[in-house]
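Participant: This is the structure I have questions about; it appears just below.
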Amino acid sequence: MNASILGTGSYLPERILANADLAKMVDTSDEWIFTRTGIRQRRIAAEGEAVSDMGAVAARRALDSAGIQATDVGMIIVATSTPDMCFPSSACLVQNLIGARNAFCFDLEAACSGFLFALETGRRFVEAGTVRNALIIGAEKFSCIVDWTDRDTCVLFGDGAGAVVISSSGTGRGIIETVMHSDGSLAESLKVEGSGSRKRPVAAGSVSAKSCISMNGRDVFKHAVLSMSGAIEEVLRKSGIGIDEISWVVPHQANIRIIASVNEKLNIPMERCCLNLDRVGNISAASVPVALDEAVRSGRVKRGQKILFVVAGAGFTWGASVLEW
């Protein structure tokens, strides 16, 4: 029983924050940001617009695309690093918003690798016959954990949500092979320290800088290139599929230089990558499903094609997945 992607959906907030707008906030420029990241603009959620709100819109669109009702969903996983609250899970909140009363729900946190980790988790439930349809959502509101005075990080991130329905009722081979890895020794490279039990997120009425993203950009770049290229080689080897058989690569989109370096190492033409980094920035766990939905709705992704997802994120976490559409 193979798990196939039956439908896709995405949501991006209305507000656009362009590089020129950031140049009024910190010492930067459109040229500085674009040449180093490939980003021109990013979307920023409205005040009071939470991960569950964005995830619910993406979920409804994925359900419409799949041609099923919310009550047909047996499980919901929301991959996020920015949940609505500590508990209940954003997945439970999405369930209530869309009326998926028959689904069990939980959140999964693997930073920018979250969607792929959630997809593989959901796949196992579907292939085991536990559920027929699973709703997998990647949703982030990174604007709430960005230090808007730090030009090294605030220029990178945006908000949004993407979703897929995976099902045992799909056609073709579906998800063929996935590899996932983690290395906790690299945890200091990218973190939000004051957001859990180790540090108080708010100190005596004032917001702490430790509640925001801190990053060693050089370390993250190096490990992202090595881990993503290695994951692609591993998943292709395990699946028995050659790189020339892959029609589209949907990478996590943190930095265009990372993607270009991975492609150069593996001789992957940039034209075969589904990219939207310039328009949406790094939306972490939402990055891959949003780019996938755009590619599907534009008609680029066609039935029978082989698609490769590749991700890397804080933790350090990374992985890749290959599927037949």
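Simple scheme: letters A, B, ... for chains in structure tokens order, numbers from 1 for residues in each chain, numbers from 1 for ligands in the order shown.
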Give me, as JSON lines, each residue of region 201-288 of chain A that comes within 10 Å of region 16-38 of chain A, together with its shortest interatomic pair and the distance in Å at one decimal, counting only C-alpha atoms, with rows ordered by chain and rising residue number.
Facilitator:
{"residue": "A:Gln253", "atom": "CA", "partner": "A:Gly38", "partner_atom": "CA", "distance": 9.7}
{"residue": "A:Ala254", "atom": "CA", "partner": "A:Thr37", "partner_atom": "CA", "distance": 7.7}
{"residue": "A:Asn255", "atom": "CA", "partner": "A:Thr37", "partner_atom": "CA", "distance": 4.7}
{"residue": "A:Ile256", "atom": "CA", "partner": "A:Gly38", "partner_atom": "CA", "distance": 5.1}
{"residue": "A:Arg257", "atom": "CA", "partner": "A:Thr37", "partner_atom": "CA", "distance": 6.6}
{"residue": "A:Ile258", "atom": "CA", "partner": "A:Thr37", "partner_atom": "CA", "distance": 8.8}
{"residue": "A:Asn276", "atom": "CA", "partner": "A:Gly38", "partner_atom": "CA", "distance": 9.7}
{"residue": "A:Leu277", "atom": "CA", "partner": "A:Gly38", "partner_atom": "CA", "distance": 6.8}
{"residue": "A:Asp278", "atom": "CA", "partner": "A:Gly38", "partner_atom": "CA", "distance": 5.6}
{"residue": "A:Arg279", "atom": "CA", "partner": "A:Ala18", "partner_atom": "CA", "distance": 9.0}
{"residue": "A:Val280", "atom": "CA", "partner": "A:Ile16", "partner_atom": "CA", "distance": 8.7}
{"residue": "A:Gly281", "atom": "CA", "partner": "A:Gly38", "partner_atom": "CA", "distance": 8.4}
{"residue": "A:Asn282", "atom": "CA", "partner": "A:Thr37", "partner_atom": "CA", "distance": 9.7}
Participant: Using the selection just defined, write its residues with N, CA and C atoms as a PDB file, in the first residue's frame.
Facilitator:
ATOM      1  N   GLN A 253      14.327  26.315   0.801  1.00  0.00           N
ATOM      2  CA  GLN A 253      14.853  27.534   0.208  1.00  0.00           C
ATOM      3  C   GLN A 253      15.238  28.534   1.289  1.00  0.00           C
ATOM      4  N   ALA A 254      16.474  28.386   1.747  1.00  0.00           N
ATOM      5  CA  ALA A 254      17.010  29.280   2.763  1.00  0.00           C
ATOM      6  C   ALA A 254      17.886  30.355   2.138  1.00  0.00           C
ATOM      7  N   ASN A 255      18.594  29.986   1.078  1.00  0.00           N
ATOM      8  CA  ASN A 255      19.592  30.876   0.475  1.00  0.00           C
ATOM      9  C   ASN A 255      19.902  30.337  -0.921  1.00  0.00           C
ATOM     10  N   ILE A 256      19.841  31.190  -1.919  1.00  0.00           N
ATOM     11  CA  ILE A 256      20.077  30.736  -3.289  1.00  0.00           C
ATOM     12  C   ILE A 256      21.493  30.207  -3.467  1.00  0.00           C
ATOM     13  N   ARG A 257      22.436  30.691  -2.669  1.00  0.00           N
ATOM     14  CA  ARG A 257      23.817  30.210  -2.784  1.00  0.00           C
ATOM     15  C   ARG A 257      23.936  28.766  -2.296  1.00  0.00           C
ATOM     16  N   ILE A 258      23.158  28.415  -1.286  1.00  0.00           N
ATOM     17  CA  ILE A 258      23.158  27.023  -0.823  1.00  0.00           C
ATOM     18  C   ILE A 258      22.633  26.112  -1.930  1.00  0.00           C
ATOM     19  N   ASN A 276      10.967  29.659  -5.374  1.00  0.00           N
ATOM     20  CA  ASN A 276      10.182  30.867  -5.123  1.00  0.00           C
ATOM     21  C   ASN A 276      10.835  31.738  -4.066  1.00  0.00           C
ATOM     22  N   LEU A 277      12.085  31.435  -3.759  1.00  0.00           N
ATOM     23  CA  LEU A 277      12.831  32.118  -2.703  1.00  0.00           C
ATOM     24  C   LEU A 277      12.824  33.630  -2.876  1.00  0.00           C
ATOM     25  N   ASP A 278      12.938  34.090  -4.102  1.00  0.00           N
ATOM     26  CA  ASP A 278      13.010  35.529  -4.343  1.00  0.00           C
ATOM     27  C   ASP A 278      11.742  36.248  -3.897  1.00  0.00           C
ATOM     28  N   ARG A 279      10.592  35.543  -3.911  1.00  0.00           N
ATOM     29  CA  ARG A 279       9.303  36.162  -3.611  1.00  0.00           C
ATOM     30  C   ARG A 279       8.811  35.927  -2.189  1.00  0.00           C
ATOM     31  N   VAL A 280       9.293  34.855  -1.536  1.00  0.00           N
ATOM     32  CA  VAL A 280       8.729  34.506  -0.222  1.00  0.00           C
ATOM     33  C   VAL A 280       9.775  34.381   0.878  1.00  0.00           C
ATOM     34  N   GLY A 281      11.062  34.380   0.529  1.00  0.00           N
ATOM     35  CA  GLY A 281      12.094  34.214   1.540  1.00  0.00           C
ATOM     36  C   GLY A 281      12.120  32.800   2.087  1.00  0.00           C
ATOM     37  N   ASN A 282      12.761  32.639   3.221  1.00  0.00           N
ATOM     38  CA  ASN A 282      12.854  31.344   3.898  1.00  0.00           C
ATOM     39  C   ASN A 282      11.654  31.199   4.821  1.00  0.00           C
TER      40      ASN A 282
END
Participant: Tell me, as number ranges by chain, which residues lie within 10 Å of region 182-195 of chain A, counting only C-alpha atoms; anything in the same chain fewer than 2 positions away does not count.
Facilitator: A: 81-82, 86, 110-111, 113, 145-146, 180, 197-203, 207-220, 223, 227, 312-319
Participant: Okay, now the selection with C-alpha atoms, as a PDB file, in the first residue's frame?
Facilitator:
ATOM      1  CA  SER A  81       8.781  25.837  14.940  1.00  0.00           C
ATOM      2  CA  THR A  82       6.361  28.677  15.712  1.00  0.00           C
ATOM      3  CA  CYS A  86       2.919  25.793  23.912  1.00  0.00           C
ATOM      4  CA  ALA A 110      12.317  19.670  13.050  1.00  0.00           C
ATOM      5  CA  ALA A 111      12.833  23.317  12.066  1.00  0.00           C
ATOM      6  CA  SER A 113      13.272  19.993   7.814  1.00  0.00           C
ATOM      7  CA  ILE A 145      10.840  35.291  16.446  1.00  0.00           C
ATOM      8  CA  VAL A 146      13.016  37.497  14.219  1.00  0.00           C
ATOM      9  CA  MET A 180      16.377  11.571   7.409  1.00  0.00           C
ATOM     10  CA  SER A 197      12.307  25.199  29.530  1.00  0.00           C
ATOM     11  CA  ARG A 198      16.008  26.143  29.562  1.00  0.00           C
ATOM     12  CA  LYS A 199      15.495  29.928  29.409  1.00  0.00           C
ATOM     13  CA  ARG A 200      12.520  32.127  30.218  1.00  0.00           C
ATOM     14  CA  PRO A 201      11.127  33.588  26.984  1.00  0.00           C
ATOM     15  CA  VAL A 202      10.253  36.892  28.658  1.00  0.00           C
ATOM     16  CA  ALA A 203      12.290  38.436  31.440  1.00  0.00           C
ATOM     17  CA  VAL A 207      11.287  40.846  25.598  1.00  0.00           C
ATOM     18  CA  SER A 208      14.643  39.078  25.699  1.00  0.00           C
ATOM     19  CA  ALA A 209      16.915  38.892  22.670  1.00  0.00           C
ATOM     20  CA  LYS A 210      17.165  35.184  23.454  1.00  0.00           C
ATOM     21  CA  SER A 211      13.543  34.869  22.280  1.00  0.00           C
ATOM     22  CA  CYS A 212      14.758  35.556  18.737  1.00  0.00           C
ATOM     23  CA  ILE A 213      16.724  33.595  16.164  1.00  0.00           C
ATOM     24  CA  SER A 214      20.495  33.470  16.536  1.00  0.00           C
ATOM     25  CA  MET A 215      22.590  31.979  13.771  1.00  0.00           C
ATOM     26  CA  ASN A 216      26.170  31.265  12.821  1.00  0.00           C
ATOM     27  CA  GLY A 217      25.670  31.839   9.117  1.00  0.00           C
ATOM     28  CA  ARG A 218      28.972  30.376   8.005  1.00  0.00           C
ATOM     29  CA  ASP A 219      28.429  27.100   9.876  1.00  0.00           C
ATOM     30  CA  VAL A 220      24.840  26.796   8.668  1.00  0.00           C
ATOM     31  CA  HIS A 223      26.536  22.071   6.859  1.00  0.00           C
ATOM     32  CA  SER A 227      24.053  17.537   4.244  1.00  0.00           C
ATOM     33  CA  ALA A 312      18.148  21.001   6.012  1.00  0.00           C
ATOM     34  CA  GLY A 313      17.467  22.884   9.211  1.00  0.00           C
ATOM     35  CA  ALA A 314      18.308  23.566  12.823  1.00  0.00           C
ATOM     36  CA  GLY A 315      19.011  20.639  15.045  1.00  0.00           C
ATOM     37  CA  PHE A 316      20.953  20.037  12.841  1.00  0.00           C
ATOM     38  CA  THR A 317      18.380  18.101  10.765  1.00  0.00           C
ATOM     39  CA  TRP A 318      18.358  17.110   7.100  1.00  0.00           C
ATOM     40  CA  GLY A 319      16.857  14.660   4.655  1.00  0.00           C
TER      41      GLY A 319
END
Participant: Taking the backbone alone, and naming residues the way the document does, which bits of region 46-245 of chain A are alpha helix (DSSP H) by DSSP, as JSON, numbers by chain?
Facilitator: {"A": [51, 52, 53, 54, 55, 56, 57, 58, 59, 60, 61, 62, 63, 64, 65, 66, 90, 91, 92, 93, 94, 95, 96, 97, 98, 114, 115, 116, 117, 118, 119, 120, 121, 122, 123, 124, 125, 126, 127, 151, 152, 153, 154, 217, 218, 219, 220, 221, 222, 223, 224, 225, 226, 227, 228, 229, 230, 231, 232, 233, 234, 235, 236, 237, 238, 239]}
Participant: Give me, as a VMD selection string, all polymer residues having an atom no more than 12 Å from Glu14 (chain A), counting only C-alpha atoms and skipping those fewer than 4 positions away in the same chain.
Facilitator: chain A and resid 42 to 47 49 54 158 to 160 280
Participant: Output as a Markdown table one row per residue of region 77-127 of chain A within 10 Å of region 1-5 of chain A: the closest atom pair and its distance in Å to one decimal place, counting only C-alpha atoms, sorted by chain and residue number ascending.
Facilitator:
| residue | atom | partner | partner_atom | distance |
| --- | --- | --- | --- | --- |
| A:Leu119 | CA | A:Ile5 | CA | 9.7 |
| A:Glu120 | CA | A:Ala3 | CA | 9.7 |
| A:Gly122 | CA | A:Ala3 | CA | 8.8 |
| A:Arg123 | CA | A:Ala3 | CA | 5.7 |
| A:Arg124 | CA | A:Ala3 | CA | 8.2 |
| A:Phe125 | CA | A:Ala3 | CA | 9.1 |
| A:Val126 | CA | A:Ala3 | CA | 6.1 |
| A:Glu127 | CA | A:Met1 | CA | 5.2 |
